[in-house]
Amino acid sequence: MPELLILIALLVVVAGTAAFVVTTRRRRGPELEPPPERGIAPTTEVPDTVPPELVEEVEAEAATEAPPTLGAPPRLRDRLGKARSALGGYLGGILGRSGIDEETWEDLEEALLRADVGVATTTTMLDHLRERVAAEGITEPADLLVALKEELVAQVGAYDTSMRLEADEGRVPVWLIVGVNGAGKTTTIGKLSARQAAEGRSVLVAAGDTFRAAAAEQLETWAERTGADYVRGAEGGDPSSVIFDGIQRAKSRSHDLVLADTAGRLHSKVNLMEELSKVRRVADREPGQVVETLLVIDATTGQNGLAQAKQFAEAAEVTGVVLTKLDGSARGGIVVSIQAELGIPVKLAGVGETVEDLIDFDATEFVEALFADD
Amino acid sequence: MFDALSDRFDGIFKRLKGKGRLGDADIDEVLREIRVALLEADVNVRVARNMVGRIRERCTAEELSKSLTPAQQVVKIVHEELIETLGGETMKITYASKPPTVVLMAGLQGAGKTTATGKLARWFKQQGRNPLLVGADLQRPAAVDQLRTLAGQIDVPVFSEPTDPVEVAAAGLAEARRLGRDVVIVDTAGRLGIDAEMMDQVRRISDAVEPHYTFLVVDAMTGQDAVNVAESFHETLELDGVILSKLDSDARGGAALSVKEVVGKPIAFASTGEKLEDFDQFHPDRLAGRILGMGDMLTLIEKAEEAYETDQAEAAAAKLLEGQFTLDDFLEQMQQLKKMGPLQNLMGMLPGMPKEMKDAEIDDREIARVEAIIKSMTPEERAKPELVDGSRRTRIANGSGTQPNQVAQLLKQFKEVQSVMKRMGGGMGMPGVPGRSKKGKKGKKGKKGGRVTPKGPATPRFDPDDPLGLGQLEDLQLPGRGPKLN
């Protein structure tokens with residue numbers, strides 16, 4: 001019975017190794033914070049001058065061309081027509097009723113849950129709404145809906161959504177783009193780059209995703225399209241040094257902003273999150289200064305989005321969320337939970353594939369779209 | 001993977017355990033909890049409602065068996081309901097009698113289509129097939145480059161040209177015929193289910209290549225929208241199955257349940273890591289057990305078979321059971337283990353693993369540290385760890401870049417493992433799992449020389465006395481050994 005014997009051996013080794021690793025970790029608990037002298041260790045790993053063969057320099061061809069111009073940015077609601085007609089309203093039934101009964105509450109709950117708002121936040125929100133209904137004597141379903149939307153807008157609209165562009169004297173502002181695989185980081189950078197160029201800033205994009213096959217090529221295409229300067233490293237190279245190099249180059253060429261891409265990583269992978277912390281530390285070292293760390297979240301993301309936001313915030317001090325793919329049938333309600341529980345504001349929304357399709361987040365329109373009740 | 005769902009169920013069932021009988025109020029509470037557990041796992045609201053409805057019906061209607069406590073009965077019902085919803089059997093992939101077998105990949109942007117295409121190609125290659133990849137994603141910049149890079153890693157050709165996706169797909173198929181490739185996988189651009197134009201394009205691609213299998217790639221982290229996506233793609237393309245990507249996240253993967261329930265098509269493959277080999281056929285029956293915390297021994301055994309040399313393992317196991325194994329053996333086993341994937345994933349498959357261990361974040365670098373320590377010991381020390389005194393400890397620590405107390409810790413731990421093994425020699429069990437009294441000992445081992453690897457679809461057995469499936473371990477009882485650990 002070879003399988004059996006293998007299995008036994010396996011069980012022992014799994015259990016034994018795990019026990020060792022777990023106890024070691026627990027014992028070392030308080031020391032997890034690296035001592036200060038180790039904190040600056042990465043300096044040595046980032047050469048002051050990156051060997052030329054590591055960095056494929058791409059001249060900004062568009063330097064002489066006019067920066068791309070953007071028309072009036074589309075609004076969220078213009079983009080959501082398709083989704084609305086495709087899905088119909090969740091809330092029509094509520095309005096059709098003569099009063100507010102248990103069924104009304106159940107419908108509201110279902111509408112929020114179906115938008116991925118999540119059980120905990122939905123419950124809190126509806127409990128609060130019940131109190132309000134009692135206190136204000138709301139009896140009409142239409143008024144109830146208005147009240148719910150007010151609550152939601154108050155929740156998601158309570159934050160400063162402006163993007164920082166100023167760094168300290170002599171330092172280059174860096175926007176670090178982070179997120180799980182496939183959220184739309186690279187595309188977001190392309191769009192951000194176009195937006196900034198249209199506003200008259202000179203931008204450098206740094207291809208910090210050295211892991212995914214052809215990620216650098218994808219970003220390079222975007223850089224060419226938007227007339228941005230561009231720095232990449234070798235595939236499989238150290239992302240920190242690529243970004244650091246980009247910052248130095250941006251400094252020497254007096255660019256206004258560095259957009260730093262990072263490889264998609266699942267927030268549950270400890271090593272990769274540690275790598276991200278390091279990337280952020282290195283990018284924040286002179287002459288760079290990380291002024292925004294934007295977490296890109298796909299609107300189709302379910303309850304896992306909260307875990308994502310938590311872990312990324314811990315690892316990289318996230319300052320805002322970019323909610324992508326809102327032009328599909330997904331509502332992106334998870335950001336309500338992210339704001340309620342973590343207080344991280346949504347700053348931008350991705351509503352399509354063209355460069356103009358990255359727009360400022362608008363709480364009122366988002367909430368309207370959440371229910372899409374027309 | 002699916003941990004949160006099983007954790008929640010764990011909590012519910014733990015509370016039920018204490019109850020002699022369940023009143024209506026208890027059942028209501030349990031069902032509410034089950035609903036919340038499903039919703040938090042991103043199971044679609046409608047699907048969750050249906051499941052809870054079916055569970056409620058059975059909880060109240062079914063004849064109460066005298067041999068089961070009500071709590072056990074609920075566990076049993078939920079387990080069966082999960083299996084039913086997930087679909088019982090692993091999807092069988094058959095090949096076209098007139099090659100090539102054509103596979104079409106579709107999905108939203110960022111779902112992981114291109115990566116899944118590469119992984120699927122590797123899987124086909126492993127099955128002895130010769131795939132050709134067709135890059136028909138001309139939308140996303142560098143998507144074809146990505147495909148070429150992935151294909152290069154597994155030495156599979158790619159066909160693409162910068163024309164039109166439909167033309168590329170058709171020409172790719174012709175190219176496969178010309179080259180005599182027997183499987184063609186067509187990667188398409190990501191698209192939204194509500195984008196009529198793009199959906200029409202993928203339909204035309206499908207018409208052009210007439211795929212034998214059309215797979216929808218769904219991100220395991222998808223929320224409620226999974227159902228809409230699956231429905232719209234199914235309407236356009238008539239899906240044959242689903243590939244669940246990014247299952248290595250801590251997402252609960254409720255999307256899998258929803259999609260299966262709504263379009264009635266099985267989850268064919270699942271992707272569980274960033275590497276190309278982290279991909280395999282999906283076993284719904286095993287997953288149901290895993291969701292309930294019953295472990296997933298079958299997958300574990302399969303993985304072990306892939307990684308281990310039989311003779312070698314047999315010898316090691318014999319040594320292990322006699323408590324004779326040295327640090328050298330331990331090191332060797334650990335290295336074998338690494339081939340099977342991240343330790344964390346393996347832990348999740350073990351039934352009855354204490355939650356504390358399952359949740360502990362295991363950094364594979366810690367394992368590297370253990371290795372370093374052992375490798376810094378002399379052969380003599382490895383055979384007789386008791387030789388290691390203070391000065392040797394310091395030397396080993398210096399050699400391995402660790403601290404002397406870490407060395408001491410490892411040796412202590414090793415001793416414990418050894419003693420556990422010795423006890424195991426007299427019976428089966430594992431640390432953290434209390435010995436079980438047993439009854440069905442004669443179970444499997446009589447037949448076919450006790451082969452435990454299923455070759456057909458395996459139906460997980462449900463033992464109400466043993467909701468965690470520890471009995472699966474007992475079936476692996478060594479012949480002639482005593483039944484108990486404690």
# chains A, B, ... in the order shown; residues from 1 in each chain; ligands from 1
>>> residues_around(residues="region 178-180 of chain A", least_positions_apart="4", cutoff="7 Å", atoms="only C-alpha atoms", output="JSON, numbers by chain")
{"A": [185, 262, 264, 265, 266, 267, 294, 295, 296, 297]}
>>> write_last_selection(atoms="N, CA and C atoms", output="PDB file, in the first residue's frame")
ATOM      1  N   LYS A 185      -5.089  47.259 -12.565  1.00  0.00           N
ATOM      2  CA  LYS A 185      -4.066  48.230 -12.167  1.00  0.00           C
ATOM      3  C   LYS A 185      -3.392  48.882 -13.368  1.00  0.00           C
ATOM      4  N   THR A 262       2.461  48.066  -9.749  1.00  0.00           N
ATOM      5  CA  THR A 262       3.002  46.940  -8.979  1.00  0.00           C
ATOM      6  C   THR A 262       2.336  45.661  -9.495  1.00  0.00           C
ATOM      7  N   GLY A 264       0.142  42.397  -9.528  1.00  0.00           N
ATOM      8  CA  GLY A 264      -1.047  41.977  -8.807  1.00  0.00           C
ATOM      9  C   GLY A 264      -0.655  40.917  -7.798  1.00  0.00           C
ATOM     10  N   ARG A 265      -1.229  41.018  -6.630  1.00  0.00           N
ATOM     11  CA  ARG A 265      -0.902  40.014  -5.606  1.00  0.00           C
ATOM     12  C   ARG A 265      -2.133  39.769  -4.770  1.00  0.00           C
ATOM     13  N   LEU A 266      -2.332  38.529  -4.393  1.00  0.00           N
ATOM     14  CA  LEU A 266      -3.435  38.219  -3.507  1.00  0.00           C
ATOM     15  C   LEU A 266      -3.033  38.665  -2.112  1.00  0.00           C
ATOM     16  N   HIS A 267      -3.958  39.341  -1.459  1.00  0.00           N
ATOM     17  CA  HIS A 267      -3.681  39.911  -0.144  1.00  0.00           C
ATOM     18  C   HIS A 267      -3.396  38.852   0.899  1.00  0.00           C
ATOM     19  N   LEU A 294      -3.023  53.965  -4.243  1.00  0.00           N
ATOM     20  CA  LEU A 294      -4.376  53.687  -4.705  1.00  0.00           C
ATOM     21  C   LEU A 294      -4.602  52.185  -4.838  1.00  0.00           C
ATOM     22  N   LEU A 295      -5.618  51.709  -4.131  1.00  0.00           N
ATOM     23  CA  LEU A 295      -5.978  50.297  -4.218  1.00  0.00           C
ATOM     24  C   LEU A 295      -7.029  50.140  -5.311  1.00  0.00           C
ATOM     25  N   VAL A 296      -6.711  49.334  -6.289  1.00  0.00           N
ATOM     26  CA  VAL A 296      -7.650  49.112  -7.387  1.00  0.00           C
ATOM     27  C   VAL A 296      -8.525  47.906  -7.051  1.00  0.00           C
ATOM     28  N   ILE A 297      -9.807  48.131  -7.013  1.00  0.00           N
ATOM     29  CA  ILE A 297     -10.748  47.043  -6.720  1.00  0.00           C
ATOM     30  C   ILE A 297     -11.749  46.946  -7.860  1.00  0.00           C
TER      31      ILE A 297
END
>>> select_by_dssp(residues="region 82-323 of chain A", states="strand (DSSP E or B)", output="MDAnalysis selection string")
chainID A and resid 172:179 203:206 229:232 257:260 288:298 301 320:323
>>> write_last_selection(atoms="N, CA and C atoms", output="mmCIF file, in the first residue's frame")
data_model
loop_
_atom_site.group_PDB
_atom_site.id
_atom_site.type_symbol
_atom_site.label_atom_id
_atom_site.label_comp_id
_atom_site.auth_asym_id
_atom_site.auth_seq_id
_atom_site.Cartn_x
_atom_site.Cartn_y
_atom_site.Cartn_z
ATOM 1 N N VAL A 172 9.855 64.077 -5.552
ATOM 2 C CA VAL A 172 8.946 63.786 -6.663
ATOM 3 C C VAL A 172 7.709 63.064 -6.129
ATOM 4 N N PRO A 173 6.520 63.585 -6.392
ATOM 5 C CA PRO A 173 5.328 62.880 -5.921
ATOM 6 C C PRO A 173 5.145 61.549 -6.648
ATOM 7 N N VAL A 174 4.818 60.519 -5.876
ATOM 8 C CA VAL A 174 4.624 59.175 -6.448
ATOM 9 C C VAL A 174 3.226 58.689 -6.109
ATOM 10 N N TRP A 175 2.545 58.193 -7.106
ATOM 11 C CA TRP A 175 1.288 57.466 -6.868
ATOM 12 C C TRP A 175 1.595 55.988 -7.073
ATOM 13 N N LEU A 176 1.332 55.227 -6.021
ATOM 14 C CA LEU A 176 1.603 53.794 -6.085
ATOM 15 C C LEU A 176 0.273 53.077 -6.330
ATOM 16 N N ILE A 177 0.251 52.213 -7.319
ATOM 17 C CA ILE A 177 -1.003 51.533 -7.666
ATOM 18 C C ILE A 177 -0.902 50.075 -7.233
ATOM 19 N N VAL A 178 -1.803 49.658 -6.366
ATOM 20 C CA VAL A 178 -1.733 48.297 -5.833
ATOM 21 C C VAL A 178 -3.082 47.590 -6.006
ATOM 22 N N GLY A 179 -3.067 46.276 -5.863
ATOM 23 C CA GLY A 179 -4.322 45.530 -5.956
ATOM 24 C C GLY A 179 -4.094 44.058 -6.255
ATOM 25 N N VAL A 203 4.437 63.136 -16.958
ATOM 26 C CA VAL A 203 4.287 61.948 -16.128
ATOM 27 C C VAL A 203 5.323 60.903 -16.495
ATOM 28 N N LEU A 204 5.818 60.184 -15.491
ATOM 29 C CA LEU A 204 6.640 59.016 -15.787
ATOM 30 C C LEU A 204 5.930 57.798 -15.207
ATOM 31 N N VAL A 205 5.822 56.740 -16.012
ATOM 32 C CA VAL A 205 5.254 55.515 -15.463
ATOM 33 C C VAL A 205 6.378 54.499 -15.253
ATOM 34 N N ALA A 206 6.349 53.844 -14.098
ATOM 35 C CA ALA A 206 7.370 52.858 -13.758
ATOM 36 C C ALA A 206 6.731 51.483 -13.725
ATOM 37 N N ASP A 229 6.717 59.355 -20.065
ATOM 38 C CA ASP A 229 8.043 58.764 -19.984
ATOM 39 C C ASP A 229 7.872 57.392 -19.314
ATOM 40 N N TYR A 230 8.843 56.506 -19.524
ATOM 41 C CA TYR A 230 8.586 55.125 -19.127
ATOM 42 C C TYR A 230 9.872 54.440 -18.687
ATOM 43 N N VAL A 231 9.801 53.716 -17.591
ATOM 44 C CA VAL A 231 10.959 52.965 -17.117
ATOM 45 C C VAL A 231 10.538 51.542 -16.799
ATOM 46 N N ARG A 232 11.306 50.603 -17.272
ATOM 47 C CA ARG A 232 11.020 49.208 -16.941
ATOM 48 C C ARG A 232 12.300 48.497 -16.530
ATOM 49 N N LEU A 257 5.131 63.932 -11.910
ATOM 50 C CA LEU A 257 4.490 62.843 -11.174
ATOM 51 C C LEU A 257 5.016 61.490 -11.662
ATOM 52 N N VAL A 258 5.185 60.570 -10.709
ATOM 53 C CA VAL A 258 5.529 59.194 -11.075
ATOM 54 C C VAL A 258 4.333 58.306 -10.766
ATOM 55 N N LEU A 259 3.907 57.528 -11.754
ATOM 56 C CA LEU A 259 2.864 56.524 -11.530
ATOM 57 C C LEU A 259 3.556 55.167 -11.473
ATOM 58 N N ALA A 260 3.486 54.535 -10.322
ATOM 59 C CA ALA A 260 4.226 53.280 -10.152
ATOM 60 C C ALA A 260 3.268 52.101 -10.154
ATOM 61 N N GLY A 288 11.958 60.406 -3.846
ATOM 62 C CA GLY A 288 10.534 60.142 -4.055
ATOM 63 C C GLY A 288 9.717 60.409 -2.800
ATOM 64 N N GLN A 289 8.432 60.588 -2.983
ATOM 65 C CA GLN A 289 7.533 60.679 -1.840
ATOM 66 C C GLN A 289 6.186 60.134 -2.287
ATOM 67 N N VAL A 290 5.736 59.070 -1.613
ATOM 68 C CA VAL A 290 4.460 58.473 -1.991
ATOM 69 C C VAL A 290 3.346 59.352 -1.439
ATOM 70 N N VAL A 291 2.627 60.012 -2.310
ATOM 71 C CA VAL A 291 1.555 60.895 -1.847
ATOM 72 C C VAL A 291 0.183 60.250 -1.982
ATOM 73 N N GLU A 292 0.087 59.240 -2.830
ATOM 74 C CA GLU A 292 -1.148 58.469 -2.923
ATOM 75 C C GLU A 292 -0.795 56.996 -3.113
ATOM 76 N N THR A 293 -1.469 56.140 -2.358
ATOM 77 C CA THR A 293 -1.399 54.711 -2.655
ATOM 78 C C THR A 293 -2.822 54.296 -2.994
ATOM 79 N N LEU A 294 -3.023 53.965 -4.243
ATOM 80 C CA LEU A 294 -4.376 53.687 -4.705
ATOM 81 C C LEU A 294 -4.602 52.185 -4.838
ATOM 82 N N LEU A 295 -5.618 51.709 -4.131
ATOM 83 C CA LEU A 295 -5.978 50.297 -4.218
ATOM 84 C C LEU A 295 -7.029 50.140 -5.311
ATOM 85 N N VAL A 296 -6.711 49.334 -6.289
ATOM 86 C CA VAL A 296 -7.650 49.112 -7.387
ATOM 87 C C VAL A 296 -8.525 47.906 -7.051
ATOM 88 N N ILE A 297 -9.807 48.131 -7.013
ATOM 89 C CA ILE A 297 -10.748 47.043 -6.720
ATOM 90 C C ILE A 297 -11.749 46.946 -7.860
ATOM 91 N N ASP A 298 -11.940 45.725 -8.293
ATOM 92 C CA ASP A 298 -12.854 45.391 -9.370
ATOM 93 C C ASP A 298 -14.289 45.413 -8.804
ATOM 94 N N THR A 301 -16.050 42.411 -7.365
ATOM 95 C CA THR A 301 -15.550 41.761 -6.156
ATOM 96 C C THR A 301 -16.631 41.631 -5.091
ATOM 97 N N GLY A 320 -6.606 55.623 -0.983
ATOM 98 C CA GLY A 320 -7.860 55.712 -1.716
ATOM 99 C C GLY A 320 -8.096 54.470 -2.559
ATOM 100 N N VAL A 321 -9.356 54.302 -2.962
ATOM 101 C CA VAL A 321 -9.734 53.153 -3.775
ATOM 102 C C VAL A 321 -10.097 53.634 -5.175
ATOM 103 N N VAL A 322 -9.670 52.861 -6.170
ATOM 104 C CA VAL A 322 -10.149 53.073 -7.528
ATOM 105 C C VAL A 322 -11.079 51.901 -7.829
ATOM 106 N N LEU A 323 -12.329 52.200 -8.060
ATOM 107 C CA LEU A 323 -13.314 51.141 -8.290
ATOM 108 C C LEU A 323 -13.478 50.954 -9.796
#
>>> select_by_dssp(residues="region 72-184 of chain A", states="alpha helix (DSSP H)", output="number ranges by chain")
A: 76-79, 81-87, 92-96, 102-114, 119-136, 141-156
>>> interface_residues(of="chain B", to="chain A", cutoff="6 Å", atoms="only C-alpha atoms", output="ChimeraX atom specification")
/B:42,110,141-142,145-146,149,192,221-225,249,251,313-314,317,417
>>> write_last_selection(atoms="C-alpha atoms", output="PDB file, in the first residue's frame")
ATOM      1  CA  ASP B  42     -20.667  35.484  -1.791  1.00  0.00           C
ATOM      2  CA  GLY B 110      -9.216  40.459 -15.363  1.00  0.00           C
ATOM      3  CA  PRO B 141      -2.307  45.714 -24.976  1.00  0.00           C
ATOM      4  CA  ALA B 142       0.289  42.938 -24.883  1.00  0.00           C
ATOM      5  CA  ASP B 145       2.793  38.738 -25.596  1.00  0.00           C
ATOM      6  CA  GLN B 146       1.633  37.439 -22.244  1.00  0.00           C
ATOM      7  CA  THR B 149       5.536  34.081 -22.650  1.00  0.00           C
ATOM      8  CA  LEU B 192     -18.766  42.520 -20.230  1.00  0.00           C
ATOM      9  CA  MET B 221     -13.466  36.531  -5.522  1.00  0.00           C
ATOM     10  CA  THR B 222     -16.506  37.538  -7.554  1.00  0.00           C
ATOM     11  CA  GLY B 223     -19.535  38.581  -5.593  1.00  0.00           C
ATOM     12  CA  GLN B 224     -23.203  38.633  -6.458  1.00  0.00           C
ATOM     13  CA  ASP B 225     -22.524  39.542 -10.064  1.00  0.00           C
ATOM     14  CA  SER B 249      -7.103  33.788  -2.256  1.00  0.00           C
ATOM     15  CA  ALA B 251     -12.172  34.265  -0.935  1.00  0.00           C
ATOM     16  CA  ALA B 313       8.293   6.927   0.495  1.00  0.00           C
ATOM     17  CA  GLU B 314       7.701   3.392   1.636  1.00  0.00           C
ATOM     18  CA  ALA B 317       7.285   5.705   6.162  1.00  0.00           C
ATOM     19  CA  VAL B 417       7.456  14.545  16.463  1.00  0.00           C
TER      20      VAL B 417
END
>>> residues_around(residues="Thr124 (chain A)", least_positions_apart="5", cutoff="12 Å", atoms="only C-alpha atoms", output="PyMOL selection string")
chain A and resi 109+112+117-119+129-131+148+151-152+155+336-337+340-341
>>> residues_around(residues="region 264-269 of chain B", least_positions_apart="6", cutoff="8 Å", atoms="only C-alpha atoms", output="MDAnalysis selection string")
chainID B and resid 86:87 90:91 239:244 256 279:282 284
>>> closest_residue(among="A:Glu224, A:Glu274, A:Asp107, A:Glu102", to="Arg46 (chain B)", atoms="only C-alpha atoms")
A:Asp107
>>> atom_distance(atom1="CA of Ala383 (chain B)", atom2="CA of Phe330 (chain B)")
10.7 Å
